[in-house]
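J.: Compact mmCIF, C-alpha atoms, saved as data_32.txt, coming up:
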# COMPACT_ATOMS: atom_id res chain seq x y z
CA MET D 1 -26.22 16.67 22.89
CA ARG D 2 -24.20 18.11 20.02
CA LEU D 3 -21.85 19.81 22.53
CA LEU D 4 -20.54 16.54 23.95
CA PRO D 5 -18.38 15.48 20.94
CA ILE D 6 -17.00 19.03 20.72
CA ILE D 7 -16.13 19.07 24.43
CA LEU D 8 -14.49 15.64 24.19
CA LEU D 9 -12.49 16.75 21.15
CA PHE D 10 -11.36 19.89 22.97
CA LEU D 11 -10.26 17.91 26.02
CA SER D 12 -8.46 15.25 23.97
CA ALA D 13 -6.54 17.70 21.75
CA PRO D 14 -3.80 18.52 24.32
CA LEU D 15 -3.37 14.80 25.06
CA PHE D 16 -2.96 13.99 21.36
CA ALA D 17 -0.46 16.84 20.93
CA ALA D 18 1.56 15.67 23.94
CA GLU D 19 1.66 12.07 22.69
CA ASN D 20 3.00 13.17 19.32
CA ALA D 21 5.32 15.99 20.37
CA ALA D 22 8.39 13.75 20.23
CA LEU D 23 7.72 12.22 16.81
CA LYS D 24 10.67 12.31 14.43
CA THR D 25 8.65 11.57 11.28
CA ARG D 26 8.10 14.50 8.94
CA ASN D 27 7.46 12.52 5.75
CA VAL D 28 5.46 9.39 4.95
CA ILE D 29 5.72 7.17 1.88
CA LEU D 30 2.72 4.87 1.44
CA ILE D 31 3.24 2.03 -1.04
CA THR D 32 0.62 -0.56 -2.00
CA THR D 33 0.82 -3.59 -4.26
CA ASP D 34 -2.58 -4.72 -5.43
CA GLY D 35 -3.90 -8.12 -4.33
CA LEU D 36 -0.63 -9.58 -3.02
CA ARG D 37 -1.58 -12.36 -0.61
CA TRP D 38 -0.30 -12.54 2.95
CA GLN D 39 0.63 -16.16 2.24
CA GLU D 40 3.43 -15.12 -0.14
CA VAL D 41 4.54 -12.22 2.07
CA PHE D 42 4.98 -14.48 5.12
CA ARG D 43 5.47 -17.96 3.64
CA GLY D 44 7.10 -17.17 0.32
CA ALA D 45 6.29 -19.10 -2.85
CA GLU D 46 3.60 -21.80 -2.66
CA GLU D 47 4.95 -25.10 -3.99
CA GLN D 48 1.47 -26.24 -5.07
CA LEU D 49 1.24 -23.25 -7.43
CA MET D 50 4.68 -23.55 -9.03
CA ASN D 51 3.39 -25.69 -11.89
CA LYS D 52 1.23 -25.48 -14.98
CA ALA D 53 -1.89 -27.18 -13.58
CA ASN D 54 -2.47 -24.90 -10.60
CA GLY D 55 -0.33 -21.85 -11.29
CA GLY D 56 -0.37 -21.60 -15.07
CA VAL D 57 3.43 -21.74 -15.15
CA PRO D 58 4.80 -23.00 -18.49
CA GLU D 59 6.48 -26.34 -17.92
CA ALA D 60 9.77 -25.10 -19.35
CA ALA D 61 9.81 -22.25 -16.81
CA VAL D 62 9.26 -24.36 -13.69
CA PRO D 63 12.92 -25.33 -12.99
CA ALA D 64 14.13 -21.71 -13.16
CA LEU D 65 11.19 -20.56 -11.04
CA ARG D 66 12.01 -23.08 -8.34
CA GLU D 67 15.68 -22.16 -8.49
CA GLN D 68 14.82 -18.52 -7.92
CA PHE D 69 12.08 -18.73 -5.29
CA TRP D 70 11.99 -22.15 -3.64
CA ALA D 71 13.62 -23.05 -0.31
CA ASP D 72 12.74 -25.55 2.40
CA SER D 73 11.60 -23.10 5.09
CA PRO D 74 9.00 -20.31 4.87
CA GLU D 75 11.56 -17.88 6.30
CA ASP D 76 14.04 -18.60 3.52
CA ARG D 77 11.34 -18.55 0.83
CA ARG D 78 9.94 -15.19 1.88
CA ALA D 79 13.44 -13.71 2.09
CA ARG D 80 14.05 -14.82 -1.48
CA LEU D 81 10.80 -13.29 -2.64
CA MET D 82 10.98 -10.00 -0.73
CA PRO D 83 14.54 -9.47 0.57
CA PHE D 84 14.06 -5.80 1.46
CA VAL D 85 10.79 -6.35 3.28
CA TRP D 86 12.38 -9.07 5.40
CA GLY D 87 15.94 -7.81 5.56
CA GLU D 88 15.05 -4.23 6.47
CA MET D 89 11.40 -3.92 7.48
CA GLY D 90 11.44 -7.28 9.25
CA ALA D 91 14.58 -6.34 11.17
CA HIS D 92 13.86 -2.70 11.98
CA GLY D 93 10.10 -2.25 11.57
CA GLN D 94 6.90 -4.22 12.10
CA LEU D 95 4.82 -6.58 9.95
CA PHE D 96 1.23 -7.62 10.68
CA GLY D 97 -0.78 -10.35 9.00
CA ASN D 98 0.92 -13.71 9.47
CA ARG D 99 -2.06 -15.78 10.53
CA ASP D 100 0.22 -18.76 11.09
CA ALA D 101 1.77 -16.77 13.95
CA GLY D 102 -1.44 -15.41 15.46
CA SER D 103 -1.34 -12.03 13.73
CA GLU D 104 -4.50 -11.25 11.82
CA ALA D 105 -5.00 -8.39 9.36
CA GLY D 106 -8.19 -7.90 7.41
CA VAL D 107 -10.46 -5.65 5.41
CA THR D 108 -13.79 -4.59 6.93
CA ASN D 109 -15.78 -3.64 3.81
CA GLY D 110 -16.86 -7.22 3.07
CA LYS D 111 -16.48 -6.74 -0.68
CA ASN D 112 -12.84 -7.85 -0.87
CA PHE D 113 -12.06 -6.15 -4.17
CA SER D 114 -10.12 -3.07 -5.16
CA TYR D 115 -12.20 0.12 -5.07
CA PRO D 116 -13.75 -0.66 -1.66
CA GLY D 117 -10.31 -1.63 -0.34
CA TYR D 118 -8.49 1.47 -1.57
CA SER D 119 -11.27 3.68 -0.28
CA GLU D 120 -11.19 1.92 3.09
CA PHE D 121 -7.52 2.40 3.83
CA LEU D 122 -7.38 5.90 2.33
CA THR D 123 -10.46 7.22 4.16
CA GLY D 124 -10.24 5.19 7.35
CA HIS D 125 -13.67 3.63 7.11
CA ALA D 126 -15.67 1.28 4.90
CA ASP D 127 -18.54 2.62 2.80
CA GLU D 128 -21.32 0.21 1.88
CA ARG D 129 -22.27 2.46 -1.04
CA ILE D 130 -19.08 1.47 -2.89
CA LYS D 131 -20.01 -1.71 -4.74
CA THR D 132 -18.13 -1.44 -8.03
CA ASN D 133 -14.71 -0.84 -9.57
CA LYS D 134 -16.16 1.72 -11.97
CA PRO D 135 -14.31 5.08 -11.91
CA LEU D 136 -17.01 6.93 -9.98
CA PRO D 137 -15.87 9.89 -7.86
CA ASN D 138 -15.40 8.82 -4.25
CA PRO D 139 -17.80 10.77 -2.02
CA ASN D 140 -15.52 10.34 1.01
CA ILE D 141 -12.66 12.60 2.12
CA ASN D 142 -9.36 10.71 2.09
CA VAL D 143 -6.37 11.20 4.36
CA LEU D 144 -4.13 12.58 1.57
CA GLU D 145 -6.75 15.17 0.69
CA TRP D 146 -7.18 16.15 4.33
CA LEU D 147 -3.45 16.38 5.00
CA GLN D 148 -2.75 18.69 2.08
CA GLY D 149 -5.09 21.19 3.70
CA ARG D 150 -3.15 21.12 6.96
CA PRO D 151 -0.39 23.67 7.75
CA GLY D 152 2.92 22.70 6.20
CA PHE D 153 1.53 20.22 3.68
CA ALA D 154 0.32 22.44 0.84
CA GLY D 155 2.06 21.37 -2.36
CA LYS D 156 3.75 18.51 -0.50
CA VAL D 157 1.23 15.70 -1.10
CA ALA D 158 1.25 13.60 -4.29
CA ALA D 159 0.26 10.24 -5.75
CA ILE D 160 1.58 8.14 -8.62
CA ASN D 161 -0.90 5.50 -9.71
CA SER D 162 -0.81 2.26 -11.63
CA TRP D 163 -4.58 1.78 -11.80
CA GLN D 164 -6.49 4.31 -13.86
CA VAL D 165 -9.40 4.20 -11.39
CA LEU D 166 -7.26 5.72 -8.63
CA PRO D 167 -7.91 9.34 -9.71
CA ALA D 168 -11.61 8.69 -9.06
CA ILE D 169 -10.95 6.92 -5.77
CA LEU D 170 -8.86 9.90 -4.67
CA ASN D 171 -11.56 12.16 -6.19
CA ARG D 172 -9.09 14.30 -8.07
CA ASP D 173 -11.66 16.91 -9.08
CA ARG D 174 -12.55 17.65 -5.48
CA SER D 175 -9.30 16.85 -3.68
CA GLN D 176 -6.95 18.49 -6.20
CA ILE D 177 -4.23 16.01 -5.19
CA PRO D 178 -1.38 16.26 -7.71
CA MET D 179 -0.93 12.88 -9.36
CA TRP D 180 0.27 11.02 -12.42
CA THR D 181 -1.10 7.81 -13.93
CA PRO D 182 0.66 6.20 -16.93
CA GLY D 183 -1.68 6.07 -19.91
CA VAL D 184 -3.83 8.96 -18.64
CA LYS D 185 -3.12 12.58 -19.51
CA ASP D 186 -4.54 15.47 -17.53
CA ALA D 187 -3.55 19.13 -17.59
CA ARG D 188 -3.27 19.00 -13.80
CA ASP D 189 -0.69 16.18 -13.78
CA LEU D 190 2.23 16.70 -11.44
CA ASP D 191 5.58 17.37 -13.05
CA PHE D 192 8.87 15.52 -12.62
CA PRO D 193 12.12 15.32 -14.61
CA ARG D 194 11.40 12.06 -16.49
CA LYS D 195 7.75 12.78 -17.25
CA ALA D 196 8.06 13.52 -20.99
CA GLU D 197 10.36 10.54 -21.51
CA LEU D 198 8.07 8.10 -19.71
CA GLU D 199 4.91 9.37 -21.38
CA ALA D 200 6.50 9.04 -24.82
CA LEU D 201 7.67 5.51 -24.06
CA ALA D 202 4.29 4.45 -22.64
CA ALA D 203 2.54 5.81 -25.73
CA GLU D 204 4.71 3.59 -27.95
CA MET D 205 3.86 0.43 -26.04
CA ILE D 206 0.69 -1.62 -26.08
CA GLN D 207 -1.06 -1.12 -22.76
CA PRO D 208 -1.33 -4.67 -21.39
CA TRP D 209 -4.63 -4.21 -19.52
CA PRO D 210 -7.68 -2.00 -20.24
CA ASP D 211 -7.14 0.31 -17.26
CA GLU D 212 -3.53 -0.23 -16.22
CA HIS D 213 -0.02 0.07 -17.63
CA TYR D 214 3.18 -1.64 -16.52
CA ASP D 215 4.40 -1.02 -12.96
CA ALA D 216 7.86 -0.12 -14.24
CA PHE D 217 6.46 3.23 -15.39
CA VAL D 218 5.04 3.86 -11.92
CA PHE D 219 8.38 3.11 -10.27
CA ALA D 220 10.43 5.24 -12.65
CA ALA D 221 8.07 8.18 -12.22
CA ALA D 222 7.96 7.75 -8.44
CA GLN D 223 11.74 7.73 -8.08
CA SER D 224 12.10 10.77 -10.35
CA TYR D 225 9.42 12.74 -8.50
CA LEU D 226 10.64 11.75 -5.04
CA ALA D 227 14.21 12.90 -5.73
CA ALA D 228 13.10 16.18 -7.28
CA ALA D 229 10.11 17.26 -5.18
CA LYS D 230 10.85 15.70 -1.77
CA PRO D 231 7.15 15.33 -0.89
CA ARG D 232 6.01 15.07 2.71
CA VAL D 233 3.22 12.62 1.85
CA PHE D 234 3.75 10.37 -1.15
CA TYR D 235 1.45 7.56 -2.27
CA VAL D 236 2.71 5.02 -4.83
CA ASN D 237 0.52 2.12 -5.93
CA PHE D 238 1.56 -0.91 -7.98
CA GLY D 239 -0.87 -3.24 -9.70
CA GLU D 240 0.80 -6.12 -11.55
CA THR D 241 0.60 -8.56 -8.64
CA ASP D 242 -3.18 -8.49 -9.04
CA GLU D 243 -3.17 -8.57 -12.85
CA TRP D 244 -0.89 -11.60 -13.18
CA ALA D 245 -2.81 -13.47 -10.50
CA HIS D 246 -6.07 -12.91 -12.38
CA ALA D 247 -4.30 -14.23 -15.49
CA GLN D 248 -3.28 -17.38 -13.55
CA ARG D 249 0.43 -16.80 -14.10
CA TYR D 250 2.01 -17.60 -10.76
CA ASP D 251 5.50 -17.15 -12.17
CA ARG D 252 4.75 -13.56 -13.21
CA TYR D 253 2.87 -12.91 -9.98
CA LEU D 254 5.99 -13.86 -8.01
CA ALA D 255 8.24 -11.87 -10.33
CA SER D 256 6.00 -8.82 -9.89
CA ALA D 257 6.18 -9.12 -6.10
CA ARG D 258 9.98 -9.37 -6.34
CA TYR D 259 10.13 -6.23 -8.49
CA VAL D 260 7.92 -4.36 -6.04
CA ASP D 261 10.27 -5.30 -3.21
CA ARG D 262 13.23 -4.00 -5.23
CA TRP D 263 11.41 -0.76 -6.01
CA ILE D 264 10.45 -0.27 -2.37
CA ARG D 265 14.12 -0.60 -1.48
CA THR D 266 15.13 1.94 -4.11
CA LEU D 267 12.50 4.47 -3.04
CA TRP D 268 13.49 4.04 0.60
CA GLU D 269 17.17 4.48 -0.23
CA THR D 270 16.32 7.52 -2.36
CA ALA D 271 14.51 9.08 0.59
CA GLN D 272 17.44 8.34 2.88
CA SER D 273 19.82 9.99 0.40
CA ILE D 274 17.93 13.29 0.68
CA PRO D 275 19.21 15.26 3.70
CA GLU D 276 15.81 16.62 4.75
CA MET D 277 14.21 13.13 4.51
CA ARG D 278 16.99 11.05 6.02
CA GLY D 279 15.94 9.76 9.42
CA THR D 280 12.62 11.59 9.26
CA THR D 281 10.68 9.34 6.86
CA THR D 282 8.26 6.55 7.71
CA LEU D 283 7.46 3.87 5.14
CA ILE D 284 4.11 2.06 5.09
CA VAL D 285 3.57 -0.92 2.76
CA THR D 286 0.27 -2.76 2.43
CA THR D 287 -2.38 -4.06 0.01
CA ASP D 288 -6.05 -3.52 -0.82
CA HIS D 289 -7.27 -7.13 -0.43
CA GLY D 290 -6.13 -10.73 -0.40
CA ARG D 291 -6.95 -13.71 -2.59
CA GLY D 292 -8.31 -17.23 -2.30
CA SER D 293 -6.41 -20.36 -1.28
CA VAL D 294 -4.10 -22.52 -3.41
CA ASP D 295 -7.07 -23.95 -5.30
CA PRO D 296 -6.45 -22.97 -8.96
CA GLN D 297 -9.89 -21.38 -9.14
CA LEU D 298 -9.47 -19.40 -5.92
CA TRP D 299 -5.94 -17.99 -5.66
CA THR D 300 -6.51 -16.11 -8.91
CA SER D 301 -9.65 -14.42 -7.59
CA HIS D 302 -11.11 -12.37 -4.78
CA GLY D 303 -14.46 -10.94 -3.75
CA GLU D 304 -17.16 -11.30 -1.12
CA LYS D 305 -17.77 -14.96 -2.00
CA ILE D 306 -14.12 -15.84 -1.31
CA ARG D 307 -13.67 -15.47 2.44
CA GLU D 308 -9.85 -15.64 2.43
CA SER D 309 -9.64 -12.63 0.11
CA GLY D 310 -10.54 -10.42 3.06
CA GLU D 311 -7.19 -11.33 4.63
CA MET D 312 -4.36 -8.84 4.06
CA TRP D 313 -1.13 -7.54 5.64
CA PHE D 314 0.51 -4.31 6.79
CA ALA D 315 4.16 -3.30 7.26
CA VAL D 316 5.80 -0.17 8.64
CA LEU D 317 9.37 1.11 9.04
CA GLY D 318 10.55 4.42 10.42
CA PRO D 319 12.14 6.38 13.27
CA ASP D 320 9.03 6.32 15.47
CA THR D 321 8.29 2.59 15.22
CA PRO D 322 9.66 0.05 17.74
CA PRO D 323 11.62 -2.64 15.84
CA LEU D 324 9.39 -5.56 16.86
CA GLY D 325 9.67 -7.26 13.46
CA GLU D 326 7.12 -9.92 12.57
CA ARG D 327 4.22 -9.52 14.99
CA LYS D 328 2.98 -12.68 16.70
CA LYS D 329 -0.06 -13.33 18.88
CA CYS D 330 -1.02 -9.67 18.74
CA ALA D 331 -4.25 -7.71 18.47
CA PRO D 332 -5.82 -7.88 14.99
CA PHE D 333 -4.98 -5.14 12.52
CA GLN D 334 -7.82 -3.73 10.43
CA GLN D 335 -7.38 -2.04 7.08
CA VAL D 336 -9.44 0.95 8.26
CA GLN D 337 -6.63 1.84 10.70
CA THR D 338 -4.24 2.82 7.92
CA ALA D 339 -5.45 6.40 7.43
CA ALA D 340 -5.27 7.52 11.06
CA THR D 341 -1.94 5.72 11.50
CA LEU D 342 -0.44 7.54 8.53
CA ALA D 343 -1.69 10.90 9.82
CA ARG D 344 -0.48 10.28 13.37
CA PHE D 345 3.07 9.67 12.15
CA LEU D 346 2.91 13.27 10.92
CA GLY D 347 1.55 14.51 14.23
CA GLU D 348 -1.95 14.99 12.83
CA ASP D 349 -5.25 13.81 14.32
CA TYR D 350 -7.26 12.55 11.36
CA ARG D 351 -10.06 11.20 13.53
CA ALA D 352 -10.74 14.66 14.93
CA ALA D 353 -11.80 15.68 11.41
CA VAL D 354 -13.22 12.33 10.31
CA PRO D 355 -14.77 10.74 13.43
CA GLU D 356 -15.96 7.66 11.53
CA ALA D 357 -12.34 6.74 10.78
CA ALA D 358 -10.79 3.94 12.84
CA GLU D 359 -8.09 4.70 15.36
CA ALA D 360 -4.37 4.46 14.63
CA VAL D 361 -2.36 1.34 15.45
CA ALA D 362 -0.84 2.24 18.80
CA GLU D 363 1.79 -0.54 18.72
CA VAL D 364 3.67 1.00 15.80
CA PHE D 365 4.58 4.05 17.89
CA PHE D 366 7.12 4.28 20.70
CA LYS D 367 5.35 4.92 24.01
Just give me the structure of the file as structure tokens.
T.:
Amino acid sequence: MRLLPIILLFLSAPLFAAENAALKTRNVILITTDGLRWQEVFRGAEEQLMNKANGGVPEAAVPALREQFWADSPEDRRARLMPFVWGEMGAHGQLFGNRDAGSEAGVTNGKNFSYPGYSEFLTGHADERIKTNKPLPNPNINVLEWLQGRPGFAGKVAAINSWQVLPAILNRDRSQIPMWTPGVKDARDLDFPRKAELEALAAEMIQPWPDEHYDAFVFAAAQSYLAAAKPRVFYVNFGETDEWAHAQRYDRYLASARYVDRWIRTLWETAQSIPEMRGTTTLIVTTDHGRGSVDPQLWTSHGEKIRESGEMWFAVLGPDTPPLGERKKCAPFQQVQTAATLARFLGEDYRAAVPEAAEAVAEVFFK
């Protein structure tokens, strides 16, 4: 009985190679922004939260907030909030997760909080053993770890983290993925031109949260490393969207999402300015979980007791993706599909090594 999976893998290998022979992608940038709801991504700012009672917005700040983010239609509001996502990814890539349009995207782990979510999209499967956000080493192989062991990827995989639990989720001790996390020093940290400057500045600032520094450090480090090292697989994770939501500051939550959009644009343009990455880079943008509804006690939170917080979104842009834009009335996307999709863009069959991983999203590839 053990021979059957091996025989099937052997027979499917030529088919997989043929399907991916024409891929133009040689580099993938994966960017996540923690806990950003699909409602803001697809509808823009929620009017019911742009006030002090529901959104914790200081009364004096409400007029300026509305001036910046409010418009009559969801299309105009979301373009104000995330102009790159909608101006570039919406025009030339694909976005999944607008439930108003019949496009569902969701987590499968049932926990609906960060560690299970990160592990799910990085490993390609949910693990019921992961029940906490404590920095415990992840027992599962992740797609970044697997890729750096493949031919042509050694020394070309890296991560820059906002959340100080990410080194454990990526199991740095086992995976040996080069990474950098502001506020955490490790002798194995990757190097980049602005590293000393950013570490000195971070050390002179009060860290705003117990296990996370400001996203601006993540962006500055990511841009510096990307331009200097030209990685083939680069993971950048931002966290302030989740932190400001937990703090019930809708104004800062929106501002954080707007900054992330700007930083995504800059990283994409940086990649396109590098000759060996121009036209050969695919960008994936997603999140680890959603949040509750507009109820002031729910939109700030997430977890297994808040059903809506299992709703998320997924966006992709690159030379191998048909420009279908906002997906409507399509097959559901599941978070577990992220890992195999990322690997397939690079011509690699992640599921052959990790059979429990979900399959790639076929619709984001030209046939």
J.: At what distance in Å, to one decimal, does CA of Val218 (chain D) lie from CA of Glu348 (chain D)?
T.: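 Computing the Euclidean distance for CA of Glu348 (chain D) and CA of Val218 (chain D) yields 28.0 Å.
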J.: Restricting the calculation to only C-alpha atoms: of D:Lys111, D:Lys367, D:Arg174, D:Lys156, which residue gets closest to Asn142 (chain D)?
T.: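 Ranking D:Lys111, D:Lys367, D:Arg174, D:Lys156 by distance to Asn142 (chain D), first place goes to D:Arg174.
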J.: Using only C-alpha atoms - which residues lie no farther than 8 Å from the point (12.2, 14.5, -13.7) in the file's frame? Write them as a PyMOL selection string.
T.: chain D and resi 191-195+221+224-225+228
J.: Show which residues sit within 7 Å of Glu104 (chain D), as a list of chain:residue names. Count all atoms listed in the file, and ignore same-chain residues fewer than 4 positions away.
T.: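 Once the adjacent positions are removed, what remains is D:Phe96, D:Gly97, D:Asn98, D:Arg99, D:Pro332, D:Phe333.
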J.: Please write the residues from the selection above to a file, keeping C-alpha atoms, as an mmCIF file, in the frame of the given file.
T.:
data_model
loop_
_atom_site.group_PDB
_atom_site.id
_atom_site.type_symbol
_atom_site.label_atom_id
_atom_site.label_comp_id
_atom_site.auth_asym_id
_atom_site.auth_seq_id
_atom_site.Cartn_x
_atom_site.Cartn_y
_atom_site.Cartn_z
ATOM 1 C CA PHE D 96 1.230 -7.620 10.680
ATOM 2 C CA GLY D 97 -0.780 -10.350 9.000
ATOM 3 C CA ASN D 98 0.920 -13.710 9.470
ATOM 4 C CA ARG D 99 -2.060 -15.780 10.530
ATOM 5 C CA PRO D 332 -5.820 -7.880 14.990
ATOM 6 C CA PHE D 333 -4.980 -5.140 12.520
#
J.: So the first atom is CA of Thr270 (chain D) and the second is CA of Trp146 (chain D); what is the distance between them in Å, to one decimal place?
T.: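 If I compute the distance from CA of Thr270 (chain D) to CA of Trp146 (chain D), I get 25.9 Å.
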J.: Could you pull the residues within 7 Å of region 230-240 of chain D, counting all atoms listed in the file, minus those fewer than 4 positions along the same chain, as a list in words?
T.: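 Residues meeting the cut-off are Arg26, Asn27, Val28, Ile29, Leu30, Ile31, Thr32, Thr33, Asp34, Phe153, Lys156, Val157, Ala158, Ala159, Ile160, Asn161, Ser162, Trp163, Asp215, Ala222, Leu226, Trp244 and Ser256 of chain D.
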J.: Could you please determine the separation between CA of Ala203 (chain D) and CA of Phe219 (chain D) in Å, to one decimal place?
T.: 16.7 Å
